[in-house]
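S.K.: Input work-v5.pdb, format and content: PDB, C-alpha atoms.
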ATOM      1  CA  MET A   1      -6.897  27.614 -12.093
ATOM      2  CA  THR A   2      -5.668  27.544  -8.541
ATOM      3  CA  ASP A   3      -2.084  26.710  -7.786
ATOM      4  CA  HIS A   4      -2.911  25.011  -4.538
ATOM      5  CA  ILE A   5      -5.022  22.130  -3.535
ATOM      6  CA  THR A   6      -8.102  23.108  -1.651
ATOM      7  CA  LEU A   7     -10.074  20.929   0.633
ATOM      8  CA  GLU A   8     -13.104  21.373  -1.575
ATOM      9  CA  MET A   9     -11.286  19.723  -4.443
ATOM     10  CA  ILE A  10     -10.950  16.454  -2.633
ATOM     11  CA  ASP A  11     -13.583  16.798  -0.002
ATOM     12  CA  THR A  12     -16.547  17.265  -2.331
ATOM     13  CA  ASP A  13     -19.018  16.293   0.331
ATOM     14  CA  ALA A  14     -17.272  18.612   2.817
ATOM     15  CA  ALA A  15     -16.957  15.841   5.342
ATOM     16  CA  ILE A  16     -13.275  16.358   6.074
ATOM     17  CA  GLN A  17     -13.753  20.103   6.403
ATOM     18  CA  GLU A  18     -16.621  19.551   8.763
ATOM     19  CA  ALA A  19     -14.506  17.236  10.846
ATOM     20  CA  ALA A  20     -11.801  19.841  11.189
ATOM     21  CA  ASP A  21     -14.288  22.571  12.005
ATOM     22  CA  ASP A  22     -16.083  20.438  14.540
ATOM     23  CA  ALA A  23     -12.820  19.841  16.281
ATOM     24  CA  GLY A  24     -12.532  23.565  16.811
ATOM     25  CA  LEU A  25      -9.157  23.657  15.201
ATOM     26  CA  ASP A  26      -9.218  27.217  13.977
ATOM     27  CA  THR A  27      -5.678  27.272  12.711
ATOM     28  CA  ARG A  28      -6.050  23.921  11.084
ATOM     29  CA  SER A  29      -9.373  24.854   9.565
ATOM     30  CA  ALA A  30      -7.972  28.021   8.124
ATOM     31  CA  PHE A  31      -5.086  26.017   6.847
ATOM     32  CA  PHE A  32      -7.486  23.683   5.108
ATOM     33  CA  ARG A  33      -9.681  26.419   3.682
ATOM     34  CA  LYS A  34      -6.978  28.586   2.266
ATOM     35  CA  SER A  35      -4.702  25.958   0.864
ATOM     36  CA  ILE A  36      -4.092  22.712   2.560
ATOM     37  CA  TYR A  37      -0.644  22.515   1.248
ATOM     38  CA  ALA A  38      -0.022  26.216   1.342
ATOM     39  CA  GLY A  39       3.219  27.123  -0.177
ATOM     40  CA  GLY A  40       4.345  23.571  -0.547
ATOM     41  CA  THR A  41       1.170  22.446  -2.171
ATOM     42  CA  LEU A  42       0.471  19.167  -3.670
ATOM     43  CA  ALA A  43       1.014  20.369  -7.203
ATOM     44  CA  VAL A  44       0.988  17.100  -8.895
ATOM     45  CA  GLY A  45       0.766  18.933 -12.129
ATOM     46  CA  GLY A  46       2.440  17.616 -15.150
ATOM     47  CA  LEU A  47       4.013  14.607 -13.655
ATOM     48  CA  LEU A  48       0.900  12.969 -12.479
ATOM     49  CA  MET A  49      -0.909  13.726 -15.684
ATOM     50  CA  GLY A  50       2.160  13.018 -17.754
ATOM     51  CA  GLY A  51       3.396  10.010 -15.830
ATOM     52  CA  MET A  52       0.018   8.483 -15.408
ATOM     53  CA  PRO A  53      -1.986   6.737 -18.078
ATOM     54  CA  ALA A  54      -5.108   8.383 -19.390
ATOM     55  CA  LEU A  55      -8.010   8.437 -17.020
ATOM     56  CA  ALA A  56      -9.707   5.124 -16.617
ATOM     57  CA  SER A  57     -13.226   5.662 -17.849
ATOM     58  CA  ALA A  58     -14.173   2.603 -19.838
ATOM     59  CA  ALA A  59     -15.741  -0.607 -18.640
ATOM     60  CA  PRO A  60     -13.499  -2.781 -16.482
ATOM     61  CA  SER A  61     -10.645  -4.302 -18.472
ATOM     62  CA  ALA A  62      -7.139  -5.583 -17.943
ATOM     63  CA  ALA A  63      -5.723  -2.382 -19.429
ATOM     64  CA  GLN A  64      -7.834  -0.264 -17.131
ATOM     65  CA  ASP A  65      -6.656  -2.297 -14.156
ATOM     66  CA  ILE A  66      -3.082  -1.280 -14.969
ATOM     67  CA  LYS A  67      -4.108   2.370 -15.123
ATOM     68  CA  ILE A  68      -5.838   2.103 -11.782
ATOM     69  CA  LEU A  69      -2.874   0.374 -10.142
ATOM     70  CA  ASN A  70      -0.545   3.050 -11.466
ATOM     71  CA  PHE A  71      -2.915   5.699 -10.164
ATOM     72  CA  ALA A  72      -2.733   4.019  -6.767
ATOM     73  CA  LEU A  73       1.048   3.698  -7.003
ATOM     74  CA  THR A  74       1.450   7.414  -7.623
ATOM     75  CA  LEU A  75      -0.639   8.254  -4.586
ATOM     76  CA  GLU A  76       1.378   5.788  -2.534
ATOM     77  CA  TYR A  77       4.641   7.317  -3.777
ATOM     78  CA  LEU A  78       3.352  10.660  -2.565
ATOM     79  CA  GLU A  79       2.303   9.388   0.840
ATOM     80  CA  ALA A  80       5.470   7.379   1.389
ATOM     81  CA  ALA A  81       7.665  10.337   0.487
ATOM     82  CA  PHE A  82       5.626  12.642   2.707
ATOM     83  CA  TYR A  83       6.166  10.549   5.841
ATOM     84  CA  LYS A  84       9.771   9.767   5.041
ATOM     85  CA  ARG A  85      10.606  13.457   4.617
ATOM     86  CA  ALA A  86       8.813  14.422   7.811
ATOM     87  CA  LEU A  87      10.638  11.748   9.781
ATOM     88  CA  SER A  88      13.992  12.737   8.353
ATOM     89  CA  GLY A  89      13.777  16.036  10.214
ATOM     90  CA  SER A  90      13.130  16.982  13.821
ATOM     91  CA  ALA A  91       9.706  18.581  13.504
ATOM     92  CA  LEU A  92       7.789  15.573  14.755
ATOM     93  CA  SER A  93       7.816  14.476  18.348
ATOM     94  CA  GLY A  94       5.902  12.318  20.813
ATOM     95  CA  PRO A  95       2.814  10.429  19.625
ATOM     96  CA  ALA A  96       2.843  12.220  16.275
ATOM     97  CA  ARG A  97       6.324  10.908  15.517
ATOM     98  CA  ASP A  98       5.454   7.430  16.751
ATOM     99  CA  LEU A  99       2.379   7.302  14.540
ATOM    100  CA  ALA A 100       4.280   8.689  11.564
ATOM    101  CA  LYS A 101       6.836   5.888  11.908
ATOM    102  CA  VAL A 102       4.126   3.247  11.744
ATOM    103  CA  ILE A 103       2.364   4.832   8.792
ATOM    104  CA  ASN A 104       5.662   5.398   7.025
ATOM    105  CA  ARG A 105       6.382   1.664   7.129
ATOM    106  CA  HIS A 106       2.956   0.842   5.767
ATOM    107  CA  GLU A 107       3.151   3.316   2.900
ATOM    108  CA  ALA A 108       6.603   2.077   1.918
ATOM    109  CA  VAL A 109       5.300  -1.482   1.769
ATOM    110  CA  HIS A 110       2.315  -0.366  -0.307
ATOM    111  CA  VAL A 111       4.754   1.119  -2.812
ATOM    112  CA  THR A 112       6.793  -2.092  -2.891
ATOM    113  CA  PHE A 113       3.704  -4.214  -3.402
ATOM    114  CA  LEU A 114       2.262  -2.093  -6.218
ATOM    115  CA  LYS A 115       5.605  -1.856  -7.991
ATOM    116  CA  LYS A 116       6.087  -5.617  -7.857
ATOM    117  CA  THR A 117       2.527  -6.250  -8.991
ATOM    118  CA  LEU A 118       2.880  -3.873 -11.932
ATOM    119  CA  GLY A 119       6.391  -5.010 -12.811
ATOM    120  CA  THR A 120       7.682  -3.242 -15.915
ATOM    121  CA  LYS A 121       4.386  -1.380 -16.266
ATOM    122  CA  ALA A 122       4.898   0.539 -13.027
ATOM    123  CA  VAL A 123       5.225   4.315 -13.345
ATOM    124  CA  LYS A 124       8.269   5.950 -11.799
ATOM    125  CA  SER A 125       8.077   8.074  -8.691
ATOM    126  CA  PRO A 126       7.597  11.799  -9.196
ATOM    127  CA  ALA A 127       9.830  14.312  -7.438
ATOM    128  CA  PHE A 128       8.254  15.958  -4.411
ATOM    129  CA  ASP A 129       8.530  19.162  -2.449
ATOM    130  CA  PHE A 130       6.316  19.212   0.615
ATOM    131  CA  LYS A 131       7.618  22.546   1.888
ATOM    132  CA  ASP A 132       6.625  23.375   5.449
ATOM    133  CA  THR A 133       4.111  20.559   5.780
ATOM    134  CA  VAL A 134       6.991  18.283   6.757
ATOM    135  CA  THR A 135       8.737  20.771   9.010
ATOM    136  CA  ASN A 136       5.808  21.898  11.128
ATOM    137  CA  GLN A 137       3.994  19.292  13.209
ATOM    138  CA  ASP A 138       0.561  20.932  13.096
ATOM    139  CA  LYS A 139       0.718  21.324   9.339
ATOM    140  CA  PHE A 140       2.076  17.823   9.012
ATOM    141  CA  LEU A 141      -0.839  16.334  10.923
ATOM    142  CA  ALA A 142      -3.390  18.390   9.034
ATOM    143  CA  THR A 143      -1.880  17.365   5.729
ATOM    144  CA  ALA A 144      -1.580  13.732   6.754
ATOM    145  CA  PHE A 145      -5.246  13.716   7.699
ATOM    146  CA  VAL A 146      -6.240  14.942   4.251
ATOM    147  CA  LEU A 147      -3.814  12.672   2.421
ATOM    148  CA  GLU A 148      -5.071   9.567   4.187
ATOM    149  CA  ASN A 149      -8.696  10.474   3.623
ATOM    150  CA  THR A 150      -7.848  11.202   0.004
ATOM    151  CA  GLY A 151      -6.338   7.744  -0.245
ATOM    152  CA  VAL A 152      -9.521   6.222   1.092
ATOM    153  CA  LYS A 153     -11.612   8.163  -1.406
ATOM    154  CA  ALA A 154      -9.289   7.269  -4.259
ATOM    155  CA  TYR A 155      -9.302   3.523  -3.611
ATOM    156  CA  LEU A 156     -13.006   3.464  -2.900
ATOM    157  CA  GLY A 157     -13.714   5.386  -6.073
ATOM    158  CA  GLN A 158     -12.002   2.715  -8.165
ATOM    159  CA  ALA A 159     -13.428  -0.332  -6.428
ATOM    160  CA  GLY A 160     -16.207  -0.916  -8.934
ATOM    161  CA  ARG A 161     -13.933  -0.348 -11.904
ATOM    162  CA  ILE A 162     -11.401  -3.089 -11.272
ATOM    163  CA  LYS A 163     -11.777  -6.237 -13.376
ATOM    164  CA  ASN A 164      -9.272  -8.627 -11.801
ATOM    165  CA  PRO A 165     -10.662  -9.937  -8.484
ATOM    166  CA  ALA A 166      -7.118 -10.343  -7.146
ATOM    167  CA  PHE A 167      -6.426  -6.663  -7.779
ATOM    168  CA  LEU A 168      -9.730  -5.709  -6.187
ATOM    169  CA  GLY A 169      -8.831  -7.730  -3.125
ATOM    170  CA  ALA A 170      -5.429  -6.098  -2.964
ATOM    171  CA  ALA A 171      -6.927  -2.636  -3.249
ATOM    172  CA  ALA A 172      -9.354  -3.456  -0.471
ATOM    173  CA  THR A 173      -6.570  -4.538   1.865
ATOM    174  CA  ILE A 174      -4.773  -1.236   1.279
ATOM    175  CA  LEU A 175      -7.928   0.858   1.523
ATOM    176  CA  THR A 176      -8.724  -0.397   4.989
ATOM    177  CA  VAL A 177      -5.219   0.401   6.193
ATOM    178  CA  GLU A 178      -5.441   3.926   4.756
ATOM    179  CA  ALA A 179      -8.692   4.324   6.652
ATOM    180  CA  ARG A 180      -7.007   3.157   9.865
ATOM    181  CA  HIS A 181      -4.308   5.759   9.322
ATOM    182  CA  ALA A 182      -6.913   8.472   8.877
ATOM    183  CA  GLY A 183      -8.711   7.331  12.001
ATOM    184  CA  ALA A 184      -5.545   7.279  14.079
ATOM    185  CA  ILE A 185      -4.595  10.784  12.950
ATOM    186  CA  ALA A 186      -8.109  11.950  13.713
ATOM    187  CA  GLN A 187      -7.901  10.624  17.230
ATOM    188  CA  LEU A 188      -4.538  12.241  17.750
ATOM    189  CA  THR A 189      -5.753  15.616  16.555
ATOM    190  CA  GLY A 190      -9.345  15.586  17.759
ATOM    191  CA  MET A 191     -10.871  15.430  14.321
ATOM    192  CA  LYS A 192     -13.702  13.110  13.321
ATOM    193  CA  VAL A 193     -12.625   9.502  13.039
ATOM    194  CA  SER A 194     -14.921   9.085  10.047
ATOM    195  CA  PRO A 195     -15.531  12.426   8.301
ATOM    196  CA  SER A 196     -18.135  10.833   6.041
ATOM    197  CA  GLY A 197     -20.014   9.294   8.932
ATOM    198  CA  SER A 198     -21.245   5.720   8.725
ATOM    199  CA  PHE A 199     -20.495   5.359   5.005
ATOM    200  CA  ASP A 200     -17.414   6.486   3.124
ATOM    201  CA  VAL A 201     -17.762   8.232  -0.205
ATOM    202  CA  GLY A 202     -15.379   7.488  -3.045
ATOM    203  CA  ASN A 203     -14.044  10.032  -5.493
ATOM    204  CA  SER A 204     -13.422   9.535  -9.184
ATOM    205  CA  MET A 205      -9.917   9.311 -10.557
ATOM    206  CA  ALA A 206     -10.537  12.589 -12.361
ATOM    207  CA  ALA A 207     -11.482  14.342  -9.137
ATOM    208  CA  ILE A 208      -8.457  13.027  -7.295
ATOM    209  CA  LEU A 209      -6.110  13.920 -10.141
ATOM    210  CA  LYS A 210      -7.591  17.392 -10.363
ATOM    211  CA  ALA A 211      -7.049  17.888  -6.673
ATOM    212  CA  VAL A 212      -3.528  16.636  -6.788
ATOM    213  CA  LYS A 213      -2.783  18.610  -9.897
ATOM    214  CA  GLY A 214      -3.949  21.740  -8.148
ATOM    215  CA  THR A 215      -1.337  21.443  -5.431
ATOM    216  CA  GLY A 216       2.376  21.901  -5.390
ATOM    217  CA  PHE A 217       3.779  18.750  -3.848
ATOM    218  CA  ILE A 218       4.805  17.079  -7.075
ATOM    219  CA  THR A 219       7.460  19.084  -8.747
ATOM    220  CA  GLY A 220       8.697  16.924 -11.538
TER     221      GLY A 220
ATOM    222  CA  MET B   1      30.062 -41.735   8.984
ATOM    223  CA  GLY B   2      29.071 -39.016   6.563
ATOM    224  CA  ALA B   3      25.977 -40.884   5.503
ATOM    225  CA  THR B   4      23.193 -38.897   3.877
ATOM    226  CA  LEU B   5      19.869 -38.966   5.659
ATOM    227  CA  VAL B   6      17.471 -40.908   3.495
ATOM    228  CA  THR B   7      13.748 -40.448   4.001
ATOM    229  CA  ASP B   8      11.025 -42.337   2.155
ATOM    230  CA  GLY B   9      13.648 -43.759  -0.119
ATOM    231  CA  ALA B  10      14.705 -40.341  -1.452
ATOM    232  CA  GLU B  11      18.399 -39.685  -1.387
ATOM    233  CA  GLY B  12      19.343 -36.135  -0.404
ATOM    234  CA  ALA B  13      16.218 -35.333   1.568
ATOM    235  CA  SER B  14      16.804 -32.319   3.787
ATOM    236  CA  THR B  15      15.265 -29.147   5.176
ATOM    237  CA  THR B  16      15.396 -26.066   3.023
ATOM    238  CA  THR B  17      14.139 -22.526   3.581
ATOM    239  CA  VAL B  18      12.081 -20.229   1.391
ATOM    240  CA  HIS B  19      12.327 -16.663   2.632
ATOM    241  CA  ILE B  20       9.285 -14.389   2.681
ATOM    242  CA  LYS B  21      10.549 -10.837   2.531
ATOM    243  CA  ASP B  22       9.905  -7.594   0.645
ATOM    244  CA  ILE B  23       6.566  -8.937  -0.516
ATOM    245  CA  ASP B  24       8.108 -11.885  -2.316
ATOM    246  CA  PHE B  25       9.084 -15.533  -1.992
ATOM    247  CA  SER B  26      12.790 -16.190  -2.363
ATOM    248  CA  PRO B  27      13.612 -18.277  -4.265
ATOM    249  CA  HIS B  28      10.509 -18.440  -6.455
ATOM    250  CA  VAL B  29      11.279 -21.999  -7.509
ATOM    251  CA  LYS B  30      12.909 -24.457  -5.145
ATOM    252  CA  LYS B  31      13.931 -27.968  -6.168
ATOM    253  CA  VAL B  32      14.108 -30.538  -3.386
ATOM    254  CA  ALA B  33      14.472 -34.268  -3.043
ATOM    255  CA  ARG B  34      11.484 -36.381  -2.160
ATOM    256  CA  GLY B  35      11.074 -36.556   1.584
ATOM    257  CA  SER B  36      12.495 -33.086   2.124
ATOM    258  CA  THR B  37      10.989 -30.510   4.422
ATOM    259  CA  VAL B  38      10.426 -26.970   3.163
ATOM    260  CA  ARG B  39      10.412 -24.196   5.724
ATOM    261  CA  TRP B  40       8.892 -20.847   4.818
ATOM    262  CA  ALA B  41      10.348 -18.097   7.020
ATOM    263  CA  PHE B  42       8.111 -15.061   7.542
ATOM    264  CA  GLU B  43      10.641 -12.213   7.560
ATOM    265  CA  ASP B  44       8.581  -9.279   6.296
ATOM    266  CA  LYS B  45       8.189  -7.494   9.637
ATOM    267  CA  ASP B  46       4.577  -6.418  10.102
ATOM    268  CA  THR B  47       3.404  -7.353   6.613
ATOM    269  CA  PRO B  48       1.139 -10.409   6.745
ATOM    270  CA  HIS B  49       1.532 -13.298   4.323
ATOM    271  CA  ASN B  50       0.396 -16.854   3.833
ATOM    272  CA  VAL B  51       1.442 -19.926   1.854
ATOM    273  CA  SER B  52      -1.562 -21.276  -0.042
ATOM    274  CA  SER B  53      -1.420 -24.246  -2.378
ATOM    275  CA  ARG B  54      -2.745 -23.787  -5.905
ATOM    276  CA  GLY B  55      -3.579 -26.439  -8.504
ATOM    277  CA  THR B  56      -2.458 -30.036  -8.143
ATOM    278  CA  PRO B  57      -0.668 -31.630  -6.468
ATOM    279  CA  LYS B  58      -1.781 -29.821  -3.345
ATOM    280  CA  PHE B  59      -0.291 -29.381   0.069
ATOM    281  CA  ARG B  60      -1.534 -28.048   3.382
ATOM    282  CA  ASN B  61      -1.980 -24.246   3.550
ATOM    283  CA  SER B  62      -0.452 -22.070   6.236
ATOM    284  CA  THR B  63      -2.343 -19.561   8.279
ATOM    285  CA  THR B  64      -1.791 -15.860   7.608
ATOM    286  CA  ARG B  65       1.000 -14.589   9.821
ATOM    287  CA  GLN B  66       3.688 -11.925  10.158
ATOM    288  CA  THR B  67       6.453 -13.795  11.964
ATOM    289  CA  GLY B  68       7.728 -17.284  12.594
ATOM    290  CA  SER B  69       7.852 -20.099  10.087
ATOM    291  CA  TYR B  70       5.770 -22.799   8.447
ATOM    292  CA  THR B  71       6.990 -26.226   7.388
ATOM    293  CA  VAL B  72       5.730 -28.896   5.051
ATOM    294  CA  ARG B  73       7.331 -32.261   4.312
ATOM    295  CA  PHE B  74       6.958 -33.328   0.701
ATOM    296  CA  THR B  75       6.856 -37.080   0.209
ATOM    297  CA  LYS B  76       5.653 -37.310  -3.394
ATOM    298  CA  GLN B  77       7.171 -36.054  -6.593
ATOM    299  CA  GLY B  78       5.579 -33.168  -8.433
ATOM    300  CA  ALA B  79       5.535 -29.432  -8.933
ATOM    301  CA  TYR B  80       3.689 -27.826  -6.061
ATOM    302  CA  ARG B  81       2.519 -24.315  -6.899
ATOM    303  CA  TYR B  82       1.568 -21.865  -4.209
ATOM    304  CA  VAL B  83       0.690 -18.197  -3.684
ATOM    305  CA  CYS B  84       0.161 -15.614  -0.968
ATOM    306  CA  THR B  85      -3.533 -14.828  -1.201
ATOM    307  CA  ILE B  86      -2.994 -11.294   0.107
ATOM    308  CA  HIS B  87      -0.392 -10.239  -2.435
ATOM    309  CA  VAL B  88      -1.225 -11.114  -6.003
ATOM    310  CA  ASN B  89       2.390 -10.825  -7.156
ATOM    311  CA  MET B  90       3.637 -13.547  -4.789
ATOM    312  CA  LYS B  91       3.886 -16.946  -6.477
ATOM    313  CA  GLY B  92       6.203 -19.879  -5.938
ATOM    314  CA  THR B  93       6.781 -23.510  -6.811
ATOM    315  CA  ILE B  94       8.329 -26.397  -4.943
ATOM    316  CA  VAL B  95       9.617 -29.012  -7.369
ATOM    317  CA  VAL B  96       9.945 -32.378  -5.658
ATOM    318  CA  ARG B  97      12.185 -34.792  -7.580
TER     319      ARG B  97
END
For the file at hand, write its structure as structure tokens.
M.R.:
Amino acid sequence: MTDHITLEMIDTDAAIQEAADDAGLDTRSAFFRKSIYAGGTLAVGGLLMGGMPALASAAPSAAQDIKILNFALTLEYLEAAFYKRALSGSALSGPARDLAKVINRHEAVHVTFLKKTLGTKAVKSPAFDFKDTVTNQDKFLATAFVLENTGVKAYLGQAGRIKNPAFLGAAATILTVEARHAGAIAQLTGMKVSPSGSFDVGNSMAAILKAVKGTGFITG
Amino acid sequence: MGATLVTDGAEGASTTTVHIKDIDFSPHVKKVARGSTVRWAFEDKDTPHNVSSRGTPKFRNSTTRQTGSYTVRFTKQGAYRYVCTIHVNMKGTIVVR
């Protein structure tokens, strides 16, 4: 089993990879192919599996809704921490820093919202180590692009599994913002605004967890 | 003179504020005298919210907004429940005595 997340793990339809390649970003493409989070990795490992409920696989139910919201919360913890760490240093500048500030605010609010919605059932935040993806602007942008597209795929993948219409509505409002983030990063870096073309493709919770588990960002 | 403003026969009528911040209404339950005006202050930066009446008695809904305030004058007794339709966790009640 690989220690690092690979683009193929998340990007099963290869759309994100294609977007990077089409942009002619050799360094970025190589970065994606070898290990998106090389060194730092997104290794969600034990915490995500341990801190998260079992995979939601049954028919929609109230209990499954909680699992899905906690799944979303963990991804939001990861994103929020990623931007916060990057902004705490001096690696980001110009439009990249400006965009990171905006996204950072959004991700922090997503965390607040999910925690308040889940109340006592909310999982705690894992510990993270993003290594050089938060100290190198090119790697930061490449990683941010994948994280945001992963968020889109994660929310979309759960849309048909949520029972409570209010939760479904909430997930939809977050999903569209994650997609805007991905699009903004794409425009900044020259990648495809919509890697999946005219229709997005969701990923299962299992696929997302496998991808995250295979990285090294979550350390405990 | 120190006289209390009396509106619609309700002693103690006044304007009171419910803060909208950190994806929540604060306070969740606000008790006011009949004839009072409730002002919801949108203080959650760029996070949009709304004040939407639920159940009965009803009151007029706000638009969805990120800044500014929204006011409603309550002239009849009752417990007025409301939510933010964007954020499922946000619920509040205005109790008019």
S.K.: Given a cut-off of 10 Å, which residues of chain A touch chain B, counting all atoms listed in the file, written out as a PyMOL selection string?
M.R.: chain A and resi 102+105-106+109-110+112-119+165-167+169-170+173
S.K.: May I ask for the distance between atom CA of A:Gly197 and atom CA of A:Leu99, given in Å to one decimal place?
M.R.: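 Interatomic distance here is 23.2 Å.
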S.K.: Give me the residues near stretch 68-85 of chain A as JSON, numbers by chain, where near means some atom within 6 Å (using only C-alpha atoms) and where sequence neighbours in that chain fewer than 3 positions away do not count.
M.R.: {"A": [65, 88, 104, 107, 108, 111, 114]}
S.K.: Starting from the displayed file, determine the output of the PyMOL selection byres ((chain A and resi 159) around 10) and express the residue list as JSON, numbers by chain.
M.R.: {"A": [68, 154, 155, 156, 157, 158, 160, 161, 162, 163, 167, 168, 169, 171, 172, 175, 202]}
S.K.: Go ahead and compute the interatomic distance for atom CA of B:Ser62 and atom CA of B:Val38, in Å to one decimal.
M.R.: 12.3 Å
S.K.: If I take atom CA of B:Arg65 and atom CA of A:Gly94, how far is one from the other in Å, to one decimal?
M.R.: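 So the two atoms, atom CA of B:Arg65 and atom CA of A:Gly94, lie 29.5 Å apart.
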S.K.: Stretch 139-141 of chain A: which residues within 8 Å, counting only C-alpha atoms, same-chain residues fewer than 3 positions away excluded, as a list in words?
M.R.: Arg28, Phe31, Ala86, Ala96, Asp132, Thr133, Val134, Thr135, Asn136, Ala144, Phe145, Ile185 and Thr189 of chain A
S.K.: Output C-alpha atoms for every residue in the selection just made, as a PDB file, keeping the file's coordinate frame.
M.R.:
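What landed in again.pdb:
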ATOM      1  CA  ARG A  28      -6.050  23.921  11.084  1.00  0.00           C
ATOM      2  CA  PHE A  31      -5.086  26.017   6.847  1.00  0.00           C
ATOM      3  CA  ALA A  86       8.813  14.422   7.811  1.00  0.00           C
ATOM      4  CA  ALA A  96       2.843  12.220  16.275  1.00  0.00           C
ATOM      5  CA  ASP A 132       6.625  23.375   5.449  1.00  0.00           C
ATOM      6  CA  THR A 133       4.111  20.559   5.780  1.00  0.00           C
ATOM      7  CA  VAL A 134       6.991  18.283   6.757  1.00  0.00           C
ATOM      8  CA  THR A 135       8.737  20.771   9.010  1.00  0.00           C
ATOM      9  CA  ASN A 136       5.808  21.898  11.128  1.00  0.00           C
ATOM     10  CA  ALA A 144      -1.580  13.732   6.754  1.00  0.00           C
ATOM     11  CA  PHE A 145      -5.246  13.716   7.699  1.00  0.00           C
ATOM     12  CA  ILE A 185      -4.595  10.784  12.950  1.00  0.00           C
ATOM     13  CA  THR A 189      -5.753  15.616  16.555  1.00  0.00           C
TER      14      THR A 189
END
S.K.: Quick one: which residues end up in the PyMOL selection byres ((chain B and resi 83) around 7) for this structure, as a PyMOL selection string?
M.R.: chain B and resi 51-54+82+84-85+90-92
S.K.: Take the PyMOL selection byres ((chain B and resi 28-36) around 12), apply it to the structure above, and return the hits as a VMD selection string.
M.R.: chain B and resid 5 to 21 23 to 27 37 to 40 71 to 83 89 to 97
S.K.: Would you mind listing what lies within 10 Å of B:Thr63 as a list in words, with only C-alpha atoms counted and same-chain residues fewer than 3 positions away left out?
M.R.: Pro48, His49, Asn50, Val51, Ser52, Arg60, Gln66 and Tyr70 of chain B
S.K.: Would you output that residue set with C-alpha atoms, as a PDB file, in the frame of the given file?
M.R.:
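Saved the output as again17.pdb:
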ATOM      1  CA  PRO B  48       1.139 -10.409   6.745  1.00  0.00           C
ATOM      2  CA  HIS B  49       1.532 -13.298   4.323  1.00  0.00           C
ATOM      3  CA  ASN B  50       0.396 -16.854   3.833  1.00  0.00           C
ATOM      4  CA  VAL B  51       1.442 -19.926   1.854  1.00  0.00           C
ATOM      5  CA  SER B  52      -1.562 -21.276  -0.042  1.00  0.00           C
ATOM      6  CA  ARG B  60      -1.534 -28.048   3.382  1.00  0.00           C
ATOM      7  CA  GLN B  66       3.688 -11.925  10.158  1.00  0.00           C
ATOM      8  CA  TYR B  70       5.770 -22.799   8.447  1.00  0.00           C
TER       9      TYR B  70
END
S.K.: Find the smallest box with edges along x, y and z containing every listed atom of stretch 77-82 of chain B, then add 8 Å on each side and report centre and edge lengths in Å to one decimal, as lines of an AutoDock Vina configuration file.
M.R.:
center_x = 4.4
center_y = -29.0
center_z = -6.6
size_x = 21.6
size_y = 30.2
size_z = 20.7
S.K.: Compare A:Thr215, A:Ser125, A:Ile174, A:Thr150 by their minimum atom-to-atom distance to A:Ser196, counting only C-alpha atoms, and give me the closest one.
M.R.: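 Nearest candidate to A:Ser196 out of A:Thr215, A:Ser125, A:Ile174, A:Thr150: A:Thr150.
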S.K.: Would you fill out stretch 32-43 of chain B with N, CA and C atoms and return it as a PDB file, keeping the file's coordinate frame?
M.R.:
ATOM      1  N   VAL B  32      13.706 -29.755  -4.562  1.00  0.00           N
ATOM      2  CA  VAL B  32      14.108 -30.538  -3.386  1.00  0.00           C
ATOM      3  C   VAL B  32      13.935 -32.015  -3.692  1.00  0.00           C
ATOM      4  N   ALA B  33      14.609 -32.810  -2.910  1.00  0.00           N
ATOM      5  CA  ALA B  33      14.472 -34.268  -3.043  1.00  0.00           C
ATOM      6  C   ALA B  33      13.214 -34.734  -2.316  1.00  0.00           C
ATOM      7  N   ARG B  34      12.671 -35.808  -2.806  1.00  0.00           N
ATOM      8  CA  ARG B  34      11.484 -36.381  -2.160  1.00  0.00           C
ATOM      9  C   ARG B  34      11.796 -36.705  -0.697  1.00  0.00           C
ATOM     10  N   GLY B  35      10.864 -36.357   0.162  1.00  0.00           N
ATOM     11  CA  GLY B  35      11.074 -36.556   1.584  1.00  0.00           C
ATOM     12  C   GLY B  35      11.631 -35.331   2.290  1.00  0.00           C
ATOM     13  N   SER B  36      11.926 -34.301   1.520  1.00  0.00           N
ATOM     14  CA  SER B  36      12.495 -33.086   2.124  1.00  0.00           C
ATOM     15  C   SER B  36      11.412 -32.248   2.810  1.00  0.00           C
ATOM     16  N   THR B  37      11.872 -31.442   3.730  1.00  0.00           N
ATOM     17  CA  THR B  37      10.989 -30.510   4.422  1.00  0.00           C
ATOM     18  C   THR B  37      11.302 -29.088   3.941  1.00  0.00           C
ATOM     19  N   VAL B  38      10.263 -28.369   3.559  1.00  0.00           N
ATOM     20  CA  VAL B  38      10.426 -26.970   3.163  1.00  0.00           C
ATOM     21  C   VAL B  38       9.922 -26.096   4.306  1.00  0.00           C
ATOM     22  N   ARG B  39      10.758 -25.136   4.644  1.00  0.00           N
ATOM     23  CA  ARG B  39      10.412 -24.196   5.724  1.00  0.00           C
ATOM     24  C   ARG B  39      10.267 -22.816   5.117  1.00  0.00           C
ATOM     25  N   TRP B  40       9.091 -22.229   5.259  1.00  0.00           N
ATOM     26  CA  TRP B  40       8.892 -20.847   4.818  1.00  0.00           C
ATOM     27  C   TRP B  40       9.106 -19.932   6.034  1.00  0.00           C
ATOM     28  N   ALA B  41      10.029 -19.010   5.913  1.00  0.00           N
ATOM     29  CA  ALA B  41      10.348 -18.097   7.020  1.00  0.00           C
ATOM     30  C   ALA B  41       9.682 -16.742   6.767  1.00  0.00           C
ATOM     31  N   PHE B  42       8.833 -16.332   7.673  1.00  0.00           N
ATOM     32  CA  PHE B  42       8.111 -15.061   7.542  1.00  0.00           C
ATOM     33  C   PHE B  42       9.005 -13.944   8.087  1.00  0.00           C
ATOM     34  N   GLU B  43       9.620 -13.209   7.178  1.00  0.00           N
ATOM     35  CA  GLU B  43      10.641 -12.213   7.560  1.00  0.00           C
ATOM     36  C   GLU B  43      10.292 -10.815   7.060  1.00  0.00           C
TER      37      GLU B  43
END
